[in-house]
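Asks: Got upload-v1.txt for you, compact mmCIF, C-alpha atoms and all ligand atoms:
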# COMPACT_ATOMS: atom_id res chain seq x y z
CA MET A 291 76.46 -93.18 29.08
CA ALA A 292 78.71 -93.31 32.17
CA VAL A 293 78.41 -95.16 35.45
CA ILE A 294 80.50 -93.62 38.23
CA GLY A 295 81.64 -96.16 40.83
CA ALA A 296 82.25 -99.90 40.34
CA GLY A 297 80.94 -101.02 43.71
CA ALA A 298 78.01 -103.36 44.24
CA ALA A 299 75.41 -100.97 42.82
CA GLY A 300 77.54 -99.58 39.97
CA LEU A 301 78.65 -102.97 38.64
CA VAL A 302 75.05 -104.23 38.48
CA ALA A 303 73.85 -100.91 37.01
CA ALA A 304 76.49 -101.02 34.25
CA ALA A 305 75.69 -104.65 33.36
CA PHE A 306 71.94 -103.98 33.13
CA ALA A 307 72.36 -100.71 31.22
CA ALA A 308 74.53 -102.55 28.69
CA SER A 309 71.91 -105.32 28.46
CA ARG A 310 69.56 -102.66 27.03
CA GLY A 311 72.07 -101.88 24.30
CA ALA A 312 73.58 -98.77 25.88
CA ASP A 313 77.23 -97.87 25.23
CA VAL A 314 78.52 -97.82 28.81
CA VAL A 315 81.75 -96.62 30.37
CA LEU A 316 82.23 -97.58 34.04
CA ILE A 317 84.55 -95.12 35.78
CA GLU A 318 86.09 -96.29 39.06
CA ARG A 319 88.64 -94.69 41.36
CA THR A 320 90.34 -97.86 42.67
CA PRO A 321 92.45 -100.09 40.41
CA ASP A 322 89.97 -102.98 40.48
CA GLY A 323 86.57 -101.91 41.94
CA GLY A 324 84.25 -103.73 44.33
CA ARG A 325 86.56 -103.31 47.31
CA LYS A 326 83.66 -103.33 49.77
CA ILE A 327 82.39 -106.57 48.30
CA LEU A 328 85.85 -108.07 48.94
CA ILE A 329 85.80 -107.24 52.67
CA SER A 330 82.10 -107.96 53.17
CA GLY A 331 80.93 -110.72 55.46
CA GLY A 332 84.46 -111.21 56.78
CA GLY A 333 85.71 -111.94 53.23
CA ARG A 334 82.83 -114.40 52.61
CA CYS A 335 80.27 -111.84 51.29
CA ASN A 336 76.86 -112.17 52.87
CA ILE A 337 75.35 -111.59 49.47
CA LEU A 338 71.64 -111.60 50.45
CA PRO A 339 69.32 -112.37 53.34
CA SER A 340 67.16 -115.51 53.05
CA VAL A 341 64.15 -113.38 54.03
CA LEU A 342 63.91 -109.68 53.28
CA ALA A 343 62.74 -107.42 56.13
CA PRO A 344 61.76 -104.07 54.52
CA GLU A 345 60.40 -102.85 57.87
CA ARG A 346 63.91 -102.94 59.33
CA PHE A 347 65.39 -100.53 56.79
CA VAL A 348 66.07 -96.97 57.97
CA THR A 349 65.32 -93.83 55.97
CA ASP A 350 64.11 -90.29 56.60
CA SER A 351 62.47 -90.35 53.18
CA PRO A 352 58.96 -91.73 52.62
CA ALA A 353 59.10 -95.40 53.69
CA HIS A 354 56.69 -96.57 50.98
CA VAL A 355 59.03 -95.21 48.30
CA MET A 356 61.93 -97.15 49.82
CA ARG A 357 59.84 -100.35 49.98
CA GLY A 358 58.77 -100.00 46.35
CA MET A 359 62.39 -99.64 45.23
CA LEU A 360 63.46 -102.61 47.31
CA LYS A 361 60.71 -104.82 45.95
CA SER A 362 61.43 -103.85 42.33
CA TRP A 363 63.77 -106.83 42.15
CA PRO A 364 62.30 -109.57 44.34
CA LEU A 365 64.69 -111.57 46.47
CA HIS A 366 64.19 -114.84 44.58
CA GLU A 367 65.04 -113.08 41.29
CA GLN A 368 68.17 -111.54 42.82
CA ARG A 369 69.18 -114.99 43.99
CA ALA A 370 68.54 -116.47 40.54
CA PHE A 371 70.69 -113.72 38.98
CA PHE A 372 73.70 -114.76 41.05
CA GLU A 373 73.13 -118.48 40.75
CA ASN A 374 72.15 -118.62 37.06
CA ASP A 375 73.68 -115.59 35.32
CA LEU A 376 76.85 -115.36 37.40
CA LYS A 377 77.09 -119.12 38.11
CA ILE A 378 77.73 -118.48 41.80
CA PRO A 379 75.87 -121.11 43.84
CA LEU A 380 74.67 -119.77 47.18
CA ALA A 381 74.37 -121.52 50.53
CA LEU A 382 72.14 -120.67 53.49
CA GLU A 383 73.74 -120.28 56.91
CA GLU A 384 70.89 -121.77 58.94
CA ASP A 385 71.38 -120.06 62.31
CA SER A 386 71.77 -116.54 60.89
CA GLY A 387 69.47 -116.78 57.85
CA LYS A 388 72.24 -115.30 55.67
CA LEU A 389 73.15 -116.37 52.15
CA PHE A 390 76.80 -116.69 51.16
CA PRO A 391 78.51 -117.99 48.01
CA LYS A 392 79.04 -121.72 48.50
CA SER A 393 82.74 -121.09 47.89
CA ASN A 394 82.74 -118.64 50.85
CA ARG A 395 84.83 -116.33 48.67
CA ALA A 396 83.74 -112.69 48.31
CA ARG A 397 86.21 -112.44 45.44
CA ASP A 398 84.01 -114.73 43.33
CA VAL A 399 81.17 -112.19 43.61
CA ARG A 400 83.32 -109.17 42.77
CA ASP A 401 85.11 -110.95 39.90
CA GLY A 402 81.82 -112.39 38.59
CA LEU A 403 80.21 -108.96 38.42
CA VAL A 404 83.24 -107.36 36.75
CA ALA A 405 83.35 -110.21 34.22
CA LEU A 406 79.61 -109.93 33.48
CA ALA A 407 79.93 -106.18 32.86
CA GLY A 408 82.84 -106.85 30.49
CA GLU A 409 80.93 -109.62 28.66
CA ARG A 410 78.02 -107.26 28.10
CA GLY A 411 80.35 -104.73 26.49
CA VAL A 412 80.89 -102.27 29.37
CA ARG A 413 84.17 -100.37 29.01
CA LEU A 414 85.93 -100.49 32.38
CA GLN A 415 87.97 -97.42 33.25
CA PHE A 416 89.60 -98.25 36.59
CA GLY A 417 92.02 -95.99 38.46
CA THR A 418 90.09 -92.83 37.50
CA SER A 419 88.67 -90.44 40.11
CA VAL A 420 85.74 -88.27 39.17
CA THR A 421 86.19 -84.83 40.74
CA ALA A 422 83.07 -83.03 39.50
CA ILE A 423 80.16 -83.37 37.07
CA GLU A 424 78.59 -80.52 35.13
CA ALA A 425 75.17 -80.74 33.52
CA GLY A 426 74.73 -78.93 30.19
CA ALA A 427 72.17 -78.79 27.40
CA ALA A 428 73.93 -81.59 25.47
CA GLY A 429 74.56 -83.87 28.45
CA PHE A 430 77.18 -84.16 31.18
CA THR A 431 80.85 -83.28 31.43
CA ILE A 432 82.64 -85.53 33.89
CA ALA A 433 85.86 -84.04 35.25
CA THR A 434 88.76 -86.41 35.96
CA PRO A 435 92.49 -85.73 36.54
CA THR A 436 93.21 -87.13 33.05
CA GLY A 437 90.69 -84.93 31.27
CA PRO A 438 86.94 -84.54 30.84
CA ILE A 439 84.60 -87.33 29.72
CA ALA A 440 81.32 -86.52 27.96
CA ALA A 441 78.20 -88.60 28.60
CA GLY A 442 74.54 -88.25 27.65
CA ARG A 443 73.41 -89.92 30.87
CA VAL A 444 75.18 -90.57 34.16
CA ILE A 445 74.52 -93.14 36.89
CA LEU A 446 76.02 -91.99 40.18
CA ALA A 447 76.90 -95.13 42.19
CA THR A 448 79.69 -93.71 44.31
CA GLY A 449 78.50 -95.03 47.70
CA GLY A 450 78.57 -92.97 50.87
CA LEU A 451 81.29 -92.30 53.43
CA SER A 452 81.74 -95.69 55.08
CA VAL A 453 85.23 -97.24 55.11
CA PRO A 454 86.79 -94.57 52.87
CA ALA A 455 89.78 -96.88 52.24
CA THR A 456 87.49 -98.83 49.86
CA GLY A 457 87.16 -95.74 47.61
CA SER A 458 83.98 -94.08 48.85
CA ASP A 459 85.01 -90.75 50.32
CA GLY A 460 81.77 -88.79 49.84
CA THR A 461 82.73 -87.08 46.57
CA GLY A 462 79.57 -88.50 45.00
CA LEU A 463 77.40 -86.95 47.71
CA ALA A 464 79.01 -83.56 47.01
CA VAL A 465 78.46 -84.04 43.28
CA ALA A 466 74.77 -84.87 43.82
CA ALA A 467 74.38 -81.80 46.03
CA ALA A 468 76.07 -79.60 43.41
CA LEU A 469 73.63 -80.95 40.81
CA GLY A 470 70.76 -79.69 42.95
CA HIS A 471 69.92 -82.55 45.30
CA LYS A 472 68.67 -82.14 48.85
CA MET A 473 70.79 -84.14 51.28
CA ILE A 474 69.56 -85.88 54.38
CA ASP A 475 72.41 -85.34 56.88
CA THR A 476 74.73 -88.33 56.75
CA TYR A 477 75.83 -90.41 59.73
CA PRO A 478 77.76 -93.64 60.25
CA ALA A 479 75.57 -96.73 60.64
CA LEU A 480 76.27 -100.35 61.51
CA THR A 481 79.35 -99.23 63.42
CA PRO A 482 80.74 -100.49 66.78
CA LEU A 483 80.19 -98.38 69.89
CA LEU A 484 82.82 -97.01 72.24
CA GLY A 485 82.51 -97.62 75.99
CA ARG A 486 83.51 -95.55 78.99
CA ASP A 487 83.51 -98.25 81.65
CA ALA A 488 87.00 -99.58 82.45
CA GLY A 489 85.38 -102.64 84.05
CA HIS A 490 83.78 -103.50 80.73
CA ALA A 491 87.11 -103.34 78.90
CA ALA A 492 88.17 -106.20 81.17
CA LEU A 493 85.28 -108.22 79.70
CA SER A 494 86.80 -107.89 76.22
CA GLY A 495 86.14 -111.10 74.28
CA VAL A 496 82.96 -112.03 76.16
CA SER A 497 80.17 -112.69 73.67
CA LEU A 498 76.53 -113.62 74.12
CA ASN A 499 73.08 -113.17 72.65
CA ALA A 500 71.42 -109.99 73.89
CA ARG A 501 68.29 -107.97 73.32
CA LEU A 502 68.88 -104.21 73.10
CA ARG A 503 66.29 -101.47 73.44
CA GLY A 504 67.35 -98.03 72.25
CA LYS A 505 65.67 -94.66 72.56
CA ALA A 506 66.73 -91.24 71.23
CA GLY A 507 64.13 -88.50 71.23
CA THR A 508 61.09 -90.03 69.57
CA ARG A 509 63.10 -92.75 67.83
CA THR A 510 63.03 -96.20 69.39
CA ILE A 511 64.53 -99.43 68.15
CA GLU A 512 64.89 -102.95 69.42
CA THR A 513 67.57 -105.34 68.21
CA GLN A 514 68.47 -108.88 69.11
CA GLY A 515 71.46 -111.09 68.39
CA GLY A 516 75.17 -111.38 69.01
CA PHE A 517 76.77 -108.90 71.43
CA LEU A 518 80.53 -108.66 71.89
CA PHE A 519 82.52 -106.79 74.55
CA THR A 520 85.63 -105.34 72.88
CA HIS A 521 88.62 -103.60 74.43
CA ARG A 522 87.19 -100.28 73.15
CA GLY A 523 83.49 -100.87 73.76
CA TYR A 524 80.75 -102.98 72.20
CA SER A 525 80.19 -104.72 68.88
CA GLY A 526 78.30 -107.65 67.35
CA PRO A 527 75.12 -107.64 65.23
CA SER A 528 72.76 -106.37 67.96
CA VAL A 529 75.08 -103.40 68.62
CA LEU A 530 75.76 -102.57 64.96
CA ASP A 531 72.04 -102.59 64.17
CA ILE A 532 71.30 -100.08 66.96
CA SER A 533 74.41 -97.90 66.56
CA HIS A 534 72.79 -95.25 64.33
CA LEU A 535 70.78 -94.04 67.33
CA VAL A 536 74.07 -93.02 68.94
CA ALA A 537 75.71 -91.81 65.73
CA ARG A 538 72.93 -89.40 64.73
CA LYS A 539 74.18 -86.23 66.29
CA SER A 540 70.91 -84.45 65.58
CA ASP A 541 69.05 -86.74 67.98
CA ALA A 542 68.89 -86.35 71.75
CA ALA A 543 71.49 -88.52 73.48
CA ALA A 544 70.44 -92.13 73.07
CA THR A 545 69.89 -94.57 75.88
CA ILE A 546 70.47 -98.26 75.21
CA ARG A 547 69.30 -100.90 77.64
CA ALA A 548 70.46 -104.50 77.41
CA GLN A 549 68.69 -107.66 78.42
CA TRP A 550 71.49 -110.21 78.69
CA SER A 551 69.47 -113.42 78.35
CA ALA A 552 66.02 -114.67 77.33
CA LEU A 553 64.86 -114.31 80.95
CA ASP A 554 62.61 -111.37 81.86
CA PRO A 555 62.40 -109.98 85.43
CA ALA A 556 59.64 -112.42 86.49
CA ALA A 557 61.65 -115.39 85.23
CA TRP A 558 64.77 -114.24 87.13
CA ASP A 559 62.70 -113.79 90.29
CA ARG A 560 61.55 -117.40 89.92
CA GLU A 561 65.15 -118.56 89.44
CA PHE A 562 66.18 -116.83 92.66
CA GLU A 563 63.43 -118.65 94.58
CA ALA A 564 65.46 -121.89 94.39
CA PRO A 565 66.31 -123.13 97.90
CA SER A 566 69.80 -122.22 99.11
CA ALA A 567 71.59 -122.11 95.75
CA LEU A 568 74.56 -119.89 94.97
CA ILE A 569 73.42 -116.76 93.10
CA SER A 570 76.56 -116.82 90.95
CA THR A 571 75.76 -120.41 89.83
CA ILE A 572 72.22 -119.49 88.84
CA VAL A 573 73.36 -116.39 86.94
CA ALA A 574 76.10 -118.35 85.15
CA ARG A 575 73.46 -120.74 83.74
CA HIS A 576 72.08 -117.88 81.64
CA VAL A 577 74.89 -115.36 81.02
CA PRO A 578 78.66 -115.82 80.59
CA ALA A 579 80.28 -116.21 84.03
CA ARG A 580 82.59 -113.19 83.69
CA LEU A 581 79.69 -110.90 82.83
CA GLY A 582 77.57 -112.41 85.60
CA GLU A 583 80.30 -111.74 88.18
CA ARG A 584 80.62 -108.16 86.98
CA LEU A 585 76.86 -107.57 87.22
CA MET A 586 76.83 -109.00 90.75
CA VAL A 587 79.64 -106.65 91.79
CA GLU A 588 77.79 -103.66 90.30
CA ALA A 589 74.57 -104.73 92.02
CA GLY A 590 76.38 -105.05 95.35
CA VAL A 591 75.69 -108.79 95.66
CA PRO A 592 78.57 -110.62 97.41
CA THR A 593 80.01 -113.47 95.32
CA ASP A 594 79.18 -116.07 98.01
CA ARG A 595 75.56 -114.92 98.36
CA ARG A 596 72.95 -117.71 98.33
CA THR A 597 69.26 -117.50 97.48
CA SER A 598 68.42 -118.15 101.14
CA ASN A 599 70.00 -114.89 102.29
CA LEU A 600 69.62 -112.72 99.15
CA ARG A 601 68.27 -109.35 100.29
CA ARG A 602 65.30 -107.82 98.49
CA THR A 603 67.29 -104.70 97.48
CA GLU A 604 70.11 -106.90 96.13
CA ARG A 605 67.64 -108.99 94.11
CA ILE A 606 65.95 -105.91 92.61
CA SER A 607 69.29 -104.35 91.74
CA LEU A 608 70.66 -107.54 90.17
CA VAL A 609 67.49 -108.35 88.21
CA GLY A 610 67.49 -104.76 86.91
CA ARG A 611 71.06 -105.17 85.65
CA LEU A 612 70.28 -108.54 84.08
CA THR A 613 67.22 -107.34 82.20
CA SER A 614 67.51 -103.59 81.64
CA TYR A 615 71.19 -102.69 81.81
CA LEU A 616 71.97 -99.08 80.91
CA LEU A 617 74.86 -99.44 78.47
CA PRO A 618 77.56 -96.83 79.23
CA TRP A 619 78.44 -96.00 75.62
CA SER A 620 80.58 -92.91 75.01
CA GLY A 621 80.50 -92.64 71.22
CA ASP A 622 80.87 -94.68 68.07
CA GLU A 623 83.69 -95.88 65.84
CA GLY A 624 82.52 -93.63 62.99
CA TYR A 625 82.82 -94.07 59.23
CA LYS A 626 86.16 -95.85 59.52
CA LYS A 627 84.38 -98.94 60.81
CA ALA A 628 80.80 -98.26 59.65
CA GLU A 629 79.42 -100.87 57.25
CA VAL A 630 77.10 -98.29 55.69
CA THR A 631 76.17 -94.61 55.62
CA GLY A 632 72.87 -93.33 56.94
CA GLY A 633 71.27 -90.35 55.20
CA GLY A 634 72.19 -89.22 51.69
CA VAL A 635 70.13 -88.27 48.64
CA ALA A 636 66.44 -87.95 49.58
CA LEU A 637 64.33 -90.65 47.90
CA ASP A 638 61.48 -88.34 46.95
CA GLU A 639 63.88 -86.57 44.59
CA VAL A 640 64.24 -89.62 42.32
CA ASP A 641 61.72 -91.44 40.14
CA PRO A 642 61.14 -94.64 42.15
CA ARG A 643 60.90 -96.80 38.99
CA THR A 644 63.93 -95.61 37.01
CA LEU A 645 65.88 -93.86 39.79
CA GLU A 646 66.28 -90.85 37.52
CA SER A 647 66.80 -87.60 39.37
CA ARG A 648 63.84 -85.24 39.49
CA ARG A 649 66.31 -82.36 39.98
CA CYS A 650 68.65 -83.14 37.13
CA PRO A 651 67.23 -85.10 34.16
CA GLY A 652 69.66 -87.67 32.77
CA LEU A 653 71.24 -88.28 36.18
CA PHE A 654 70.42 -91.59 37.91
CA LEU A 655 71.34 -92.57 41.48
CA CYS A 656 71.64 -95.98 43.16
CA GLY A 657 73.09 -97.81 46.15
CA GLU A 658 74.43 -96.38 49.38
CA ILE A 659 74.41 -92.77 48.12
CA LEU A 660 70.63 -92.83 48.64
CA ASP A 661 69.02 -92.15 52.02
CA VAL A 662 68.54 -95.80 53.02
CA PHE A 663 70.36 -98.52 54.89
CA GLY A 664 69.27 -101.89 56.19
CA PRO A 665 70.21 -104.14 59.08
CA ILE A 666 73.16 -106.47 58.76
CA GLY A 667 72.45 -109.83 57.18
CA GLY A 668 72.69 -109.15 53.43
CA HIS A 669 70.04 -106.40 53.36
CA ASN A 670 72.44 -103.69 52.22
CA PHE A 671 73.58 -105.68 49.23
CA ALA A 672 69.92 -106.43 48.44
CA TRP A 673 69.41 -102.66 48.31
CA ALA A 674 72.52 -102.10 46.17
CA TRP A 675 71.60 -104.90 43.71
CA ALA A 676 67.93 -103.80 43.41
CA THR A 677 68.59 -100.10 42.96
CA GLY A 678 71.62 -100.77 40.72
CA ARG A 679 69.47 -102.88 38.39
CA ALA A 680 66.63 -100.32 38.35
CA ALA A 681 69.01 -97.45 37.57
CA GLY A 682 70.78 -99.51 34.88
CA LEU A 683 67.51 -100.41 33.17
CA GLY A 684 66.23 -96.84 33.58
CA ALA A 685 69.34 -95.18 32.16
CA GLY A 686 70.01 -97.87 29.56
CA THR A 687 66.58 -97.69 27.97
CA PRO A 688 66.75 -95.45 24.86
C1 LIG A 701 83.34 -104.20 56.39
C2 LIG A 701 82.03 -104.25 55.65
C3 LIG A 701 81.35 -105.44 55.56
C4 LIG A 701 80.10 -105.48 54.91
N1 LIG A 701 79.46 -106.67 54.80
C5 LIG A 701 78.27 -106.73 54.17
C6 LIG A 701 77.62 -107.97 53.97
O1 LIG A 701 78.17 -109.05 54.29
N2 LIG A 701 76.38 -107.96 53.42
C7 LIG A 701 75.77 -106.80 53.00
O2 LIG A 701 74.64 -106.83 52.51
N3 LIG A 701 76.41 -105.61 53.11
C8 LIG A 701 77.64 -105.55 53.66
N4 LIG A 701 78.29 -104.36 53.76
C9 LIG A 701 77.64 -103.16 53.17
C10 LIG A 701 77.84 -103.18 51.64
O3 LIG A 701 79.18 -103.44 51.35
C11 LIG A 701 77.40 -101.82 51.05
O4 LIG A 701 76.07 -101.58 51.41
C12 LIG A 701 77.53 -101.82 49.53
O5 LIG A 701 78.84 -102.18 49.14
C13 LIG A 701 77.20 -100.44 48.96
O6 LIG A 701 77.39 -100.50 47.57
P1 LIG A 701 77.57 -99.19 46.67
O7 LIG A 701 77.94 -99.70 45.32
O8 LIG A 701 76.42 -98.31 46.81
O9 LIG A 701 78.81 -98.42 47.31
P2 LIG A 701 80.35 -98.86 47.38
O10 LIG A 701 80.47 -100.33 47.55
O11 LIG A 701 80.96 -98.00 48.43
O12 LIG A 701 80.94 -98.51 45.97
C14 LIG A 701 81.18 -97.20 45.54
C15 LIG A 701 82.27 -97.24 44.49
O13 LIG A 701 82.41 -95.96 43.93
C16 LIG A 701 83.78 -95.64 43.81
N5 LIG A 701 83.91 -94.19 43.86
C17 LIG A 701 83.54 -93.38 44.88
N6 LIG A 701 83.77 -92.10 44.58
C18 LIG A 701 84.31 -92.09 43.33
C19 LIG A 701 84.79 -91.08 42.47
N7 LIG A 701 84.73 -89.78 42.83
N8 LIG A 701 85.30 -91.42 41.27
C20 LIG A 701 85.35 -92.73 40.89
N9 LIG A 701 84.92 -93.74 41.67
C21 LIG A 701 84.41 -93.42 42.87
C22 LIG A 701 84.43 -96.33 44.99
O14 LIG A 701 85.80 -96.55 44.78
C23 LIG A 701 83.62 -97.62 45.07
O15 LIG A 701 84.20 -98.65 44.29
C24 LIG A 701 79.54 -104.29 54.36
C25 LIG A 701 80.26 -103.10 54.42
C26 LIG A 701 81.50 -103.07 55.05
C27 LIG A 701 82.25 -101.78 55.09
Here is a file; write its structure as structure tokens.
Ligand SMILES: Cc1cc2nc3c(=O)[nH]c(=O)nc-3n(C[C@H](O)[C@H](O)[C@H](O)COP(=O)(O)OP(=O)(O)OC[C@H]3O[C@@H](n4cnc5c(N)ncnc54)[C@H](O)[C@@H]3O)c2cc1C
Replies:
Amino acid sequence: MAVIGAGAAGLVAAAFAASRGADVVLIERTPDGGRKILISGGGRCNILPSVLAPERFVTDSPAHVMRGMLKSWPLHEQRAFFENDLKIPLALEEDSGKLFPKSNRARDVRDGLVALAGERGVRLQFGTSVTAIEAGAAGFTIATPTGPIAAGRVILATGGLSVPATGSDGTGLAVAAALGHKMIDTYPALTPLLGRDAGHAALSGVSLNARLRGKAGTRTIETQGGFLFTHRGYSGPSVLDISHLVARKSDAAATIRAQWSALDPAAWDREFEAPSALISTIVARHVPARLGERLMVEAGVPTDRRTSNLRRTERISLVGRLTSYLLPWSGDEGYKKAEVTGGGVALDEVDPRTLESRRCPGLFLCGEILDVFGPIGGHNFAWAWATGRAAGLGAGTP
């Protein structure tokens, strides 16, 4: 059997298929595989979350199917796989709840998975691009520039469209469609947003914790966490997690409102009741000074304004900007910067236990190619590991 794609899902799939005694060839376009693992988590690889949040995953397919697939390999077993089988001790980053290799080296994860596949007898065929796959009565014919490869079963683990420089250019999605699969329209997810406010570009480098509330058509989402002003727009975990609302072109234009601190309108009103204090000083206690100054300018509050002479209209305008700021986004950074791809192969077209295609028997699908992504924090690897293992066991079982 053949596994196409030696990314997170494909490496795990190949190792588990081989553990069932299957003769496995792993075909990978790049010279070494796992390129996304190498750049993940800023080169440290946020390998898993400490707590899985299935309700925060996004799919247009039936949510219960997605949850079942995710839970097929419980988090503690995934963790044990890395710590015991791969001998990669993990460490918890307390404030973010993310797990990283203790070494803080993503390379250890990639190299460990490649080595495990090799130890289990997987034949690694790097530097080979699959251009098409044909299904016939006797199995599959896999087209490559160096000639066809025959396989009885195929696991398609080619990822989506995010960061094409890592090897995932969408060929796998086209292959799945050609083999009869229905595609949920793809879109970039976990990608920074572009801004159209020159004043905000001047805030580049300002970072804070924010709560974002997004709405597009009937879709709503709330995110919380780091927010970063960049010279092109907005980034940070809270922005990445909400970005798909903007990126989904099929939705009505999204609105995103930011609350820049833990204070709600009533709490700000109480703050501004302090006797004769400078407004700018009060604001700077809760949001970075440069952002506070900018919000005061936009709200028409003079910089020397004190609580004693703050006008009602000024207070309402400022509190509105502090707690429900309409973010002037103008677009998104697209697949080039997206950590994952939204959309893909519809989940109801695969057997949720084995991940075998219902459209094309003998074909198995796993990882980012499927219509699922999770929030940042290790959830997307959890998905890739769980579905990779399920597909490997499914395809590897005689
Ligand atoms: C910058 C960045 C940081 C990230 N950080 C994290 C993180 O810290 N934690 C986390 O959980 N997630 C993170 N992610 C997301 C995570 O990397 C992905 O969800 C995961 O790698 C998807 O795994 P996959 O195997 O499905 O796809 P991929 O990793 O994309 O692997 C697909 C593989 O298939 C190969 N391939 C594609 N087409 C062909 C073809 N036609 N022929 C042969 N080979 C082919 C590709 O070369 C590639 O090696 C990050 C993503 C990015 C881009």
Asks: Compute the set of protein, DNA and RNA residues whose minimum atom distance to ligand LIG 701 (chain A) is at most 7 Å, using all atoms listed in the file, and state it as a ChimeraX atom specification.
Replies: /A:294-300,317-320,323-327,329-332,335-338,418-421,447-450,452-453,456-462,627-630,656-659,666-672,674
Asks: Starting from 6 Å padding per side, set up an axis-aligned box that covers all listed atoms of region 609-625 of chain A and hand over centre and edge lengths in Å, one decimal, as AutoDock Vina command-line options.
Replies:
--center_x 75.5 --center_y -100.6 --center_z 73.7 --size_x 28.5 --size_y 27.9 --size_z 41.0
Asks: I'd like the neighbourhood of Ser607 (chain A) as a VMD selection string, where a residue qualifies if any of its atoms comes within 9 Å (using all atoms listed in the file), though same-chain residues fewer than 2 positions away should be ignored.
Replies: chain A and resid 586 588 to 591 602 to 605 609 to 612
Asks: Which polymer residues have any atom within 8 Å of an atom of Asp622 (chain A), counting all atoms listed in the file, with same-chain residues fewer than 3 positions away left out, as a list in words?
Replies: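 After dropping sequence-adjacent residues, the list is Thr481, Pro482, Leu483, Leu484, Ser533, Val536 and Ala537 of chain A.
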Asks: Record the distance separating CA of Val412 (chain A) and CA of Val293 (chain A), expressed in Å with one decimal.
Replies: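 These atoms are spaced 9.7 Å apart.
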Asks: To one decimal place in Å, what is the distance between CA of Tyr615 (chain A) and CA of Ala343 (chain A)?
Replies: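 It comes out at 27.4 Å.
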Asks: Sort by chain and increasing residue number a table of all residues of region 536-614 of chain A within 10 Å of region 502-506 of chain A, each with its closest pair of atoms and their distance in Å to one decimal, counting all atoms listed in the file, and write it as a Markdown table.
Replies:
| residue | atom | partner | partner_atom | distance |
| --- | --- | --- | --- | --- |
| A:Val536 | CA | A:Ala506 | CA | 7.9 |
| A:Arg538 | CA | A:Ala506 | CA | 9.2 |
| A:Ser540 | CA | A:Ala506 | CA | 9.8 |
| A:Asp541 | CA | A:Ala506 | CA | 6.0 |
| A:Ala542 | CA | A:Ala506 | CA | 5.4 |
| A:Ala543 | CA | A:Ala506 | CA | 5.9 |
| A:Ala544 | CA | A:Ala506 | CA | 4.2 |
| A:Thr545 | CA | A:Lys505 | CA | 5.4 |
| A:Ile546 | CA | A:Gly504 | CA | 4.3 |
| A:Arg547 | CA | A:Arg503 | CA | 5.2 |
| A:Ala548 | CA | A:Leu502 | CA | 4.6 |
| A:Gln549 | CA | A:Leu502 | CA | 6.3 |
| A:Trp550 | CA | A:Leu502 | CA | 8.6 |
| A:Thr613 | CA | A:Leu502 | CA | 9.8 |
| A:Ser614 | CA | A:Arg503 | CA | 8.6 |
Asks: Given the point (78.6, -113.0, 98.8) in the file's coordinates, find the residues that have an atom at most 12 Å from it, counting all atoms listed in the file, and give them as JSON, numbers by chain.
Replies: {"A": [567, 568, 569, 570, 571, 583, 586, 587, 589, 590, 591, 592, 593, 594, 595, 596, 597, 598, 599, 600, 601, 604]}
Asks: Might you pull out every residue within 12 Å of Gly686 (chain A), with all atoms listed in the file counted and same-chain residues fewer than 5 positions away left off, and present them as a compact mmCIF listing (two decimals) with C-alpha atoms, in the coordinates of the input?
Replies:
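So selection01.txt came out as:
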# COMPACT_ATOMS: atom_id res chain seq x y z
CA MET A 291 76.46 -93.18 29.08
CA ALA A 292 78.71 -93.31 32.17
CA VAL A 293 78.41 -95.16 35.45
CA ALA A 303 73.85 -100.91 37.01
CA ALA A 304 76.49 -101.02 34.25
CA ALA A 305 75.69 -104.65 33.36
CA PHE A 306 71.94 -103.98 33.13
CA ALA A 307 72.36 -100.71 31.22
CA ALA A 308 74.53 -102.55 28.69
CA SER A 309 71.91 -105.32 28.46
CA ARG A 310 69.56 -102.66 27.03
CA GLY A 311 72.07 -101.88 24.30
CA ALA A 312 73.58 -98.77 25.88
CA ASP A 313 77.23 -97.87 25.23
CA VAL A 314 78.52 -97.82 28.81
CA VAL A 315 81.75 -96.62 30.37
CA VAL A 412 80.89 -102.27 29.37
CA GLY A 442 74.54 -88.25 27.65
CA ARG A 443 73.41 -89.92 30.87
CA VAL A 444 75.18 -90.57 34.16
CA ILE A 445 74.52 -93.14 36.89
CA THR A 644 63.93 -95.61 37.01
CA LEU A 645 65.88 -93.86 39.79
CA GLU A 646 66.28 -90.85 37.52
CA GLY A 652 69.66 -87.67 32.77
CA LEU A 653 71.24 -88.28 36.18
CA PHE A 654 70.42 -91.59 37.91
CA GLY A 678 71.62 -100.77 40.72
CA ARG A 679 69.47 -102.88 38.39
CA ALA A 680 66.63 -100.32 38.35
CA ALA A 681 69.01 -97.45 37.57
Asks: Which polymer residues have any atom within 12 Å of an atom of Ala467 (chain A), counting all atoms listed in the file, with same-chain residues fewer than 4 positions away left out, as a PyMOL selection string?
Replies: chain A and resi 422-424+446+460-463+471-475+634-636+639+647+649-650+659-660
Asks: Given all atoms listed in the file as the basis, pick out the residue of A:Leu637, A:Val341, A:Ala676, A:Val404 nearest to Asp661 (chain A).
Replies: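 Looking at the shortest contact to Asp661 (chain A), the residue is A:Leu637.
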Asks: Have a look at A:Ile432, A:Ala488, A:Tyr477, A:Pro364 and name the one nearest to Val465 (chain A); count all atoms listed in the file.
Replies: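 Nearest to Val465 (chain A): A:Ile432.
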Asks: Determine the nearest neighbour of Thr476 (chain A) from the options A:Phe663, A:Trp619, A:Phe371, A:Phe416, counting all atoms listed in the file.
Replies: A:Phe663
